[in-house]
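To be precise, the following lines are my_file_4.txt, and they hold compact mmCIF, C-alpha atoms.
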```
# COMPACT_ATOMS: atom_id res chain seq x y z
CA MET A 1 -0.39 29.01 25.07
CA ARG A 2 0.95 27.44 21.91
CA LEU A 3 1.14 24.08 23.62
CA ALA A 4 -2.45 24.49 24.78
CA GLN A 5 -3.50 25.06 21.17
CA LEU A 6 -1.64 21.99 19.94
CA LEU A 7 -3.17 19.86 22.69
CA SER A 8 -6.68 21.13 22.03
CA ALA A 9 -6.27 20.47 18.28
CA LEU A 10 -5.05 16.94 19.07
CA LEU A 11 -7.99 16.35 21.42
CA ALA A 12 -10.44 17.82 18.90
CA GLY A 13 -9.13 15.45 16.22
CA LEU A 14 -9.36 12.52 18.61
CA LEU A 15 -12.96 13.41 19.53
CA PHE A 16 -13.88 13.81 15.87
CA GLY A 17 -12.38 10.49 14.81
CA SER A 18 -13.88 8.63 17.76
CA GLY A 19 -17.27 10.18 17.10
CA LEU A 20 -17.19 9.10 13.46
CA ILE A 21 -16.40 5.51 14.44
CA LEU A 22 -18.91 5.41 17.32
CA ALA A 23 -21.70 6.68 15.04
CA GLY A 24 -20.81 4.16 12.34
CA MET A 25 -20.01 6.91 9.84
CA THR A 26 -16.80 5.11 8.84
CA ASN A 27 -18.98 2.39 7.34
CA PRO A 28 -19.60 3.32 3.68
CA GLU A 29 -22.63 1.02 3.49
CA LYS A 30 -24.35 2.97 6.26
CA VAL A 31 -23.63 6.26 4.51
CA ARG A 32 -24.91 4.89 1.20
CA ALA A 33 -28.05 3.69 2.98
CA PHE A 34 -28.66 7.29 4.09
CA LEU A 35 -28.13 8.58 0.56
CA ASP A 36 -30.41 5.92 -0.92
CA LEU A 37 -33.85 7.43 -0.37
CA GLY A 38 -35.53 4.82 -2.54
CA GLY A 39 -34.27 1.76 -0.72
CA LYS A 40 -34.40 0.96 2.99
CA TRP A 41 -33.60 4.48 4.10
CA ASP A 42 -31.25 4.80 7.06
CA PRO A 43 -31.60 8.24 8.73
CA SER A 44 -28.45 7.74 10.87
CA LEU A 45 -26.30 10.36 9.13
CA ALA A 46 -28.93 13.07 9.58
CA LEU A 47 -29.17 12.30 13.30
CA VAL A 48 -25.38 12.42 13.70
CA MET A 49 -25.14 15.72 11.84
CA ALA A 50 -28.00 17.27 13.78
CA ALA A 51 -26.42 16.30 17.12
CA ALA A 52 -23.03 17.66 16.03
CA ILE A 53 -24.51 20.96 14.82
CA ALA A 54 -26.57 21.37 18.00
CA VAL A 55 -23.48 20.97 20.19
CA ALA A 56 -21.25 23.20 18.04
CA MET A 57 -23.71 26.04 17.47
CA PRO A 58 -23.51 27.75 20.90
CA ALA A 59 -19.70 27.59 20.81
CA TYR A 60 -19.69 29.27 17.39
CA ALA A 61 -22.16 31.97 18.47
CA TRP A 62 -20.13 32.72 21.60
CA SER A 63 -16.81 32.80 19.74
CA LYS A 64 -18.17 35.05 17.02
CA ARG A 65 -19.46 37.54 19.58
CA ARG A 66 -16.24 37.48 21.59
CA GLY A 67 -13.83 37.67 18.63
CA THR A 68 -10.98 36.00 20.50
CA THR A 69 -10.61 32.47 21.82
CA LEU A 70 -9.95 31.14 25.30
CA ALA A 71 -6.27 30.95 24.29
CA GLY A 72 -6.35 34.63 23.31
CA VAL A 73 -6.02 34.16 19.53
CA PRO A 74 -8.40 35.76 17.03
CA VAL A 75 -11.38 33.75 15.81
CA ALA A 76 -10.83 32.76 12.17
CA LEU A 77 -14.34 32.23 10.85
CA SER A 78 -14.97 32.32 7.13
CA VAL A 79 -16.22 35.67 5.91
CA ARG A 80 -17.00 34.32 2.47
CA ARG A 81 -20.65 34.84 1.66
CA ARG A 82 -20.71 34.55 -2.10
CA ILE A 83 -22.60 31.65 -3.58
CA ASP A 84 -20.77 31.34 -6.89
CA ARG A 85 -20.30 28.82 -9.65
CA GLN A 86 -17.14 27.42 -8.08
CA LEU A 87 -18.99 26.57 -4.85
CA LEU A 88 -21.83 24.89 -6.75
CA CYS A 89 -19.61 23.02 -9.25
CA GLY A 90 -17.28 21.87 -6.48
CA SER A 91 -20.21 20.63 -4.41
CA VAL A 92 -21.67 18.71 -7.38
CA VAL A 93 -18.27 17.09 -8.10
CA PHE A 94 -17.84 16.21 -4.42
CA GLY A 95 -21.41 14.88 -4.29
CA ILE A 96 -20.79 12.53 -7.24
CA GLY A 97 -17.65 11.13 -5.60
CA TRP A 98 -19.36 10.83 -2.21
CA GLY A 99 -22.43 9.17 -3.70
CA LEU A 100 -20.42 6.64 -5.71
CA LEU A 101 -18.61 5.17 -2.69
CA GLY A 102 -20.11 6.66 0.48
CA VAL A 103 -16.79 7.98 1.81
CA CYS A 104 -15.97 11.63 2.53
CA PRO A 105 -12.59 13.02 3.69
CA GLY A 106 -12.90 12.45 7.48
CA PRO A 107 -14.02 8.80 7.41
CA GLY A 108 -11.59 8.17 4.53
CA LEU A 109 -8.63 9.33 6.65
CA VAL A 110 -9.79 7.36 9.70
CA ALA A 111 -10.24 4.18 7.66
CA ALA A 112 -6.88 4.68 5.94
CA ALA A 113 -5.20 5.02 9.35
CA SER A 114 -6.76 1.69 10.32
CA GLY A 115 -4.69 0.17 7.53
CA ASP A 116 -7.46 -0.72 5.08
CA GLY A 117 -6.11 -1.04 1.54
CA GLY A 118 -9.20 0.35 -0.16
CA ALA A 119 -9.23 3.40 2.10
CA LEU A 120 -5.53 4.02 1.42
CA VAL A 121 -6.20 4.02 -2.33
CA PHE A 122 -9.15 6.37 -1.79
CA VAL A 123 -7.06 8.82 0.27
CA ALA A 124 -4.21 8.74 -2.26
CA ALA A 125 -6.65 9.56 -5.08
CA MET A 126 -8.33 12.23 -2.90
CA SER A 127 -4.96 13.88 -2.24
CA ALA A 128 -4.20 13.88 -5.97
CA GLY A 129 -7.64 15.37 -6.68
CA MET A 130 -7.07 18.19 -4.18
CA LEU A 131 -3.67 19.09 -5.61
CA LEU A 132 -4.93 18.86 -9.18
CA ALA A 133 -7.98 21.05 -8.56
CA GLY A 134 -5.86 23.51 -6.62
CA ARG A 135 -3.51 23.85 -9.56
CA LEU A 136 -6.34 24.20 -12.10
CA SER A 137 -8.30 26.79 -10.12
CA ARG A 138 -5.21 28.98 -9.74
CA GLN A 139 -4.73 29.18 -13.50
CA MET B 1 -33.48 1.36 15.02
CA ASN B 2 -33.60 0.73 18.76
CA MET B 3 -32.85 3.12 21.63
CA ILE B 4 -29.27 1.87 22.08
CA GLU B 5 -28.49 2.52 18.43
CA ILE B 6 -30.06 5.98 18.55
CA GLY B 7 -28.04 6.73 21.70
CA ARG B 8 -24.84 5.72 19.91
CA LEU B 9 -25.63 7.93 16.95
CA LEU B 10 -26.37 10.92 19.19
CA ALA B 11 -23.27 10.30 21.32
CA GLY B 12 -21.10 10.03 18.20
CA GLY B 13 -22.62 13.20 16.78
CA ALA B 14 -22.18 15.00 20.11
CA ALA B 15 -18.49 13.97 20.17
CA ILE B 16 -18.07 15.43 16.68
CA GLY B 17 -19.87 18.59 17.81
CA ALA B 18 -17.63 18.80 20.89
CA ALA B 19 -14.57 18.49 18.64
CA VAL B 20 -15.84 21.32 16.43
CA ALA B 21 -16.65 23.46 19.49
CA LEU B 22 -13.24 22.83 21.11
CA LEU B 23 -11.27 23.75 17.99
CA MET B 24 -13.25 27.00 17.76
CA LEU B 25 -13.22 27.89 21.46
CA VAL B 26 -9.46 27.40 21.92
CA ASN B 27 -7.88 27.64 18.45
CA GLY B 28 -10.46 29.86 16.76
CA ARG B 29 -10.43 27.48 13.81
CA VAL B 30 -13.08 25.76 11.72
CA ALA B 31 -12.83 21.96 11.88
CA GLY B 32 -13.14 21.43 8.13
CA ILE B 33 -11.26 18.21 7.48
CA SER B 34 -10.73 18.61 3.71
CA GLY B 35 -9.22 22.07 4.18
CA ILE B 36 -7.03 21.10 7.13
CA TYR B 37 -5.75 18.02 5.33
CA ARG B 38 -5.10 19.93 2.10
CA GLN B 39 -3.05 22.50 4.01
CA LEU B 40 -0.91 19.62 5.27
CA LEU B 41 -0.26 18.64 1.66
CA THR B 42 0.57 22.11 0.39
CA GLY B 43 1.27 24.36 3.39
CA ARG B 44 4.55 25.70 4.63
CA PHE B 45 6.00 23.96 7.66
CA GLY B 46 5.51 26.86 10.05
CA GLN B 47 1.73 26.78 9.59
CA LEU B 48 1.37 23.06 10.02
CA GLY B 49 1.41 22.82 13.84
CA TRP B 50 -2.21 22.66 14.93
CA ARG B 51 -3.32 21.05 11.65
CA LEU B 52 -0.83 18.24 12.09
CA ALA B 53 -2.01 17.78 15.70
CA PHE B 54 -5.66 17.69 14.59
CA VAL B 55 -5.12 15.15 11.80
CA LEU B 56 -2.94 13.02 14.08
CA GLY B 57 -5.73 13.03 16.67
CA LEU B 58 -8.28 12.20 13.97
CA CYS B 59 -6.19 9.22 12.86
CA LEU B 60 -5.39 7.92 16.37
CA PRO B 61 -8.58 5.83 16.72
CA GLY B 62 -7.82 4.33 13.31
CA LEU B 63 -4.22 3.59 14.30
CA TRP B 64 -5.50 1.94 17.49
CA LEU B 65 -7.69 -0.32 15.33
CA LEU B 66 -4.67 -1.02 13.09
CA LEU B 67 -2.70 -2.22 16.13
CA HIS B 68 -5.57 -4.55 17.01
CA GLN B 69 -5.89 -5.65 13.39
CA ARG B 70 -9.46 -4.45 13.07
CA ALA B 71 -9.30 -2.37 9.90
CA LEU B 72 -12.36 -0.32 8.87
CA PRO B 73 -13.13 -1.71 5.42
CA VAL B 74 -13.78 0.48 2.40
CA ALA B 75 -14.83 -2.06 -0.20
CA GLY B 76 -14.78 -1.34 -3.92
CA GLY B 77 -12.95 -2.11 -7.13
CA MET B 78 -9.84 -0.13 -7.97
CA PRO B 79 -11.55 2.12 -10.61
CA LEU B 80 -14.35 3.00 -8.18
CA LEU B 81 -11.92 3.84 -5.36
CA LEU B 82 -9.75 5.97 -7.66
CA ILE B 83 -12.59 7.84 -9.36
CA SER B 84 -14.47 8.47 -6.13
CA GLY B 85 -11.30 9.65 -4.37
CA LEU B 86 -10.36 12.00 -7.21
CA LEU B 87 -13.84 13.53 -7.34
CA VAL B 88 -14.05 13.94 -3.55
CA GLY B 89 -10.61 15.58 -3.48
CA ALA B 90 -11.22 17.91 -6.41
CA GLY B 91 -14.78 18.76 -5.39
CA THR B 92 -14.01 19.61 -1.77
CA GLN B 93 -11.06 21.73 -2.89
CA LEU B 94 -13.22 23.72 -5.34
CA ALA B 95 -16.12 24.06 -2.90
CA ALA B 96 -13.69 24.88 -0.07
CA GLY B 97 -15.32 22.40 2.26
CA CYS B 98 -16.81 18.96 2.79
CA THR B 99 -19.28 17.27 5.12
CA SER B 100 -17.42 18.64 8.16
CA GLY B 101 -16.49 22.14 6.95
CA HIS B 102 -19.79 23.01 5.26
CA GLY B 103 -22.11 20.33 6.65
CA VAL B 104 -21.33 20.70 10.35
CA CYS B 105 -19.20 23.82 10.94
CA GLY B 106 -20.83 26.05 8.33
CA MET B 107 -24.30 25.04 9.47
CA ALA B 108 -23.35 25.69 13.11
CA ASN B 109 -22.20 29.12 11.93
CA LEU B 110 -25.58 29.66 10.22
CA SER B 111 -23.81 30.28 6.91
CA GLN B 112 -26.10 30.43 3.91
CA ARG B 113 -23.15 29.56 1.65
CA SER B 114 -22.54 26.36 3.58
CA LEU B 115 -26.25 25.47 3.59
CA VAL B 116 -26.31 25.77 -0.21
CA ALA B 117 -23.11 23.69 -0.50
CA THR B 118 -24.47 21.00 1.83
CA LEU B 119 -27.82 20.74 0.05
CA THR B 120 -25.98 20.59 -3.28
CA PHE B 121 -23.51 17.82 -2.45
CA MET B 122 -26.08 15.84 -0.49
CA GLY B 123 -28.68 16.14 -3.24
CA THR B 124 -26.12 15.18 -5.88
CA ALA B 125 -24.98 12.16 -3.86
CA MET B 126 -28.62 11.06 -3.44
CA LEU B 127 -29.15 11.38 -7.17
CA VAL B 128 -26.05 9.26 -7.80
CA ARG B 129 -27.38 6.54 -5.46
CA PHE B 130 -30.76 6.69 -7.22
CA VAL B 131 -29.13 6.24 -10.63
CA ALA B 132 -26.80 3.51 -9.31
CA GLY B 133 -29.84 1.70 -7.89
CA ALA B 134 -31.69 1.89 -11.20
CA LEU B 135 -28.76 0.47 -13.18
```

Could the structure of this file be written out as structure tokens, please?
Amino acid sequence: MRLAQLLSALLAGLLFGSGLILAGMTNPEKVRAFLDLGGKWDPSLALVMAAAIAVAMPAYAWSKRRGTTLAGVPVALSVRRRIDRQLLCGSVVFGIGWGLLGVCPGPGLVAAASGDGGALVFVAAMSAGMLLAGRLSRQ
Amino acid sequence: MNMIEIGRLLAGGAAIGAAVALLMLVNGRVAGISGIYRQLLTGRFGQLGWRLAFVLGLCLPGLWLLLHQRALPVAGGMPLLLISGLLVGAGTQLAAGCTSGHGVCGMANLSQRSLVATLTFMGTAMLVRFVAGAL
């Protein structure tokens, strides 16, 4: 069963990365065009997200009801409900970074794997930011 | 936008949704990329298994493009790349989620917390684009 879980995680990653590329979400200009409401607005990102949510929603509802997965392991869904300052501040900080360049973690990793220098710099800085914030928030 | 383009967007989105569904149905895990990747940076080796497999799978299409010398360009000056990367890393760590974890998975889970996070980072990013456009 452990092998099945590794294979399904590999396949899930592959589907995710392929989907991002197919939908053009690895193109920062396209993402910025979605974020730029004032310019020539490009609704692509909203369409991609809506399709993804629509496909995932039944699987989440079913898993939540069942409590265990097809591989027999418990479902690990977040039980956090609190909307606190850390959630809001973190989202604002993430939003500034996302808005500046038009790259979020998934597309950043995919583009870095494709060997692009700019994406590699972005991912290196993102990794540093994660470790730094992790250290600060523990103190 | 023509029908072919819309079809591509929906197919891409459906593939992402299928990935999210698969990771939940078999592994019981949320496909939040920032969290999975951060665990790879900080986690103990024993817990890395499925996360390593997921990130490897995520990167495979990129590696395929690398082999064919068709890199996906992220254009920007060094300060922009560094500042944006730092903010995205720190922000997603504090908010415990990004576009995938809150925006897709959390929304699919009908989580109010994730809805608030998504509206906040999307609204902020739109504001940043508005300001950048005005400058």

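Each of B:Leu58, B:Val131, B:Ile4, B:Ala53 was checked against Ile21 of chain A using all atoms listed in the file; the smallest atom-to-atom distance is that of B:Leu58.
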
Which segment 85-113 of chain B residues have any atom within 7 Å of an atom of segment 28-39 of chain B, and for each, what is the nearest pair of atoms with distance in Å to one decimal, counting only C-alpha atoms, rows sorted by chain and number, as JSON lines?
```
{"residue": "B:Thr92", "atom": "CA", "partner": "B:Ser34", "partner_atom": "CA", "distance": 6.5}
{"residue": "B:Ala96", "atom": "CA", "partner": "B:Gly35", "partner_atom": "CA", "distance": 6.8}
{"residue": "B:Gly97", "atom": "CA", "partner": "B:Ser34", "partner_atom": "CA", "distance": 6.1}
{"residue": "B:Cys98", "atom": "CA", "partner": "B:Ser34", "partner_atom": "CA", "distance": 6.2}
{"residue": "B:Ser100", "atom": "CA", "partner": "B:Gly32", "partner_atom": "CA", "distance": 5.1}
{"residue": "B:Gly101", "atom": "CA", "partner": "B:Gly32", "partner_atom": "CA", "distance": 3.6}
{"residue": "B:Cys105", "atom": "CA", "partner": "B:Val30", "partner_atom": "CA", "distance": 6.5}
```

I'd like the neighbourhood of Val103 of chain A as a VMD selection string, where a residue qualifies if any of its atoms comes within 12 Å (using only C-alpha atoms), though same-chain residues fewer than 5 positions away should be ignored. (chain A and resid 20 24 to 32 35 94 to 98 108 to 112 118 to 120 122 to 123 126) or (chain B and resid 72 to 76 80 to 89 98 to 99 125)

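Taking atom CA of Ala76 of chain A as the reference point, atom CA of Leu3 of chain A is found at 18.7 Å.
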
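Comparing A:Lys40, A:Arg2, A:Arg135, A:Arg81 by their smallest distance to chain B, the closest is A:Arg81 (using all atoms listed in the file).
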
*Can you list, as a PyMOL selection string, every protein, DNA or RNA residue that comes within 6 Å of Leu66 of chain B when you count all atoms listed in the file, leaving out same-chain residues fewer than 5 positions away?*
(chain A and resi 114-115) or (chain B and resi 71)

Using the selection just defined, write its residues with C-alpha atoms as a compact mmCIF listing (two decimals), in the coordinates of the input.
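Ended up saving to selection-v4.txt:
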```
# COMPACT_ATOMS: atom_id res chain seq x y z
CA SER A 114 -6.76 1.69 10.32
CA GLY A 115 -4.69 0.17 7.53
CA ALA B 71 -9.30 -2.37 9.90
```

(Q) Taking 5 positions as the minimum chain separation for residues in the same chain, which residues sit within 7 Å of Phe16 of chain A when counting only C-alpha atoms? Answer as a VMD selection string. (A) chain B and resid 15 to 16 19 58
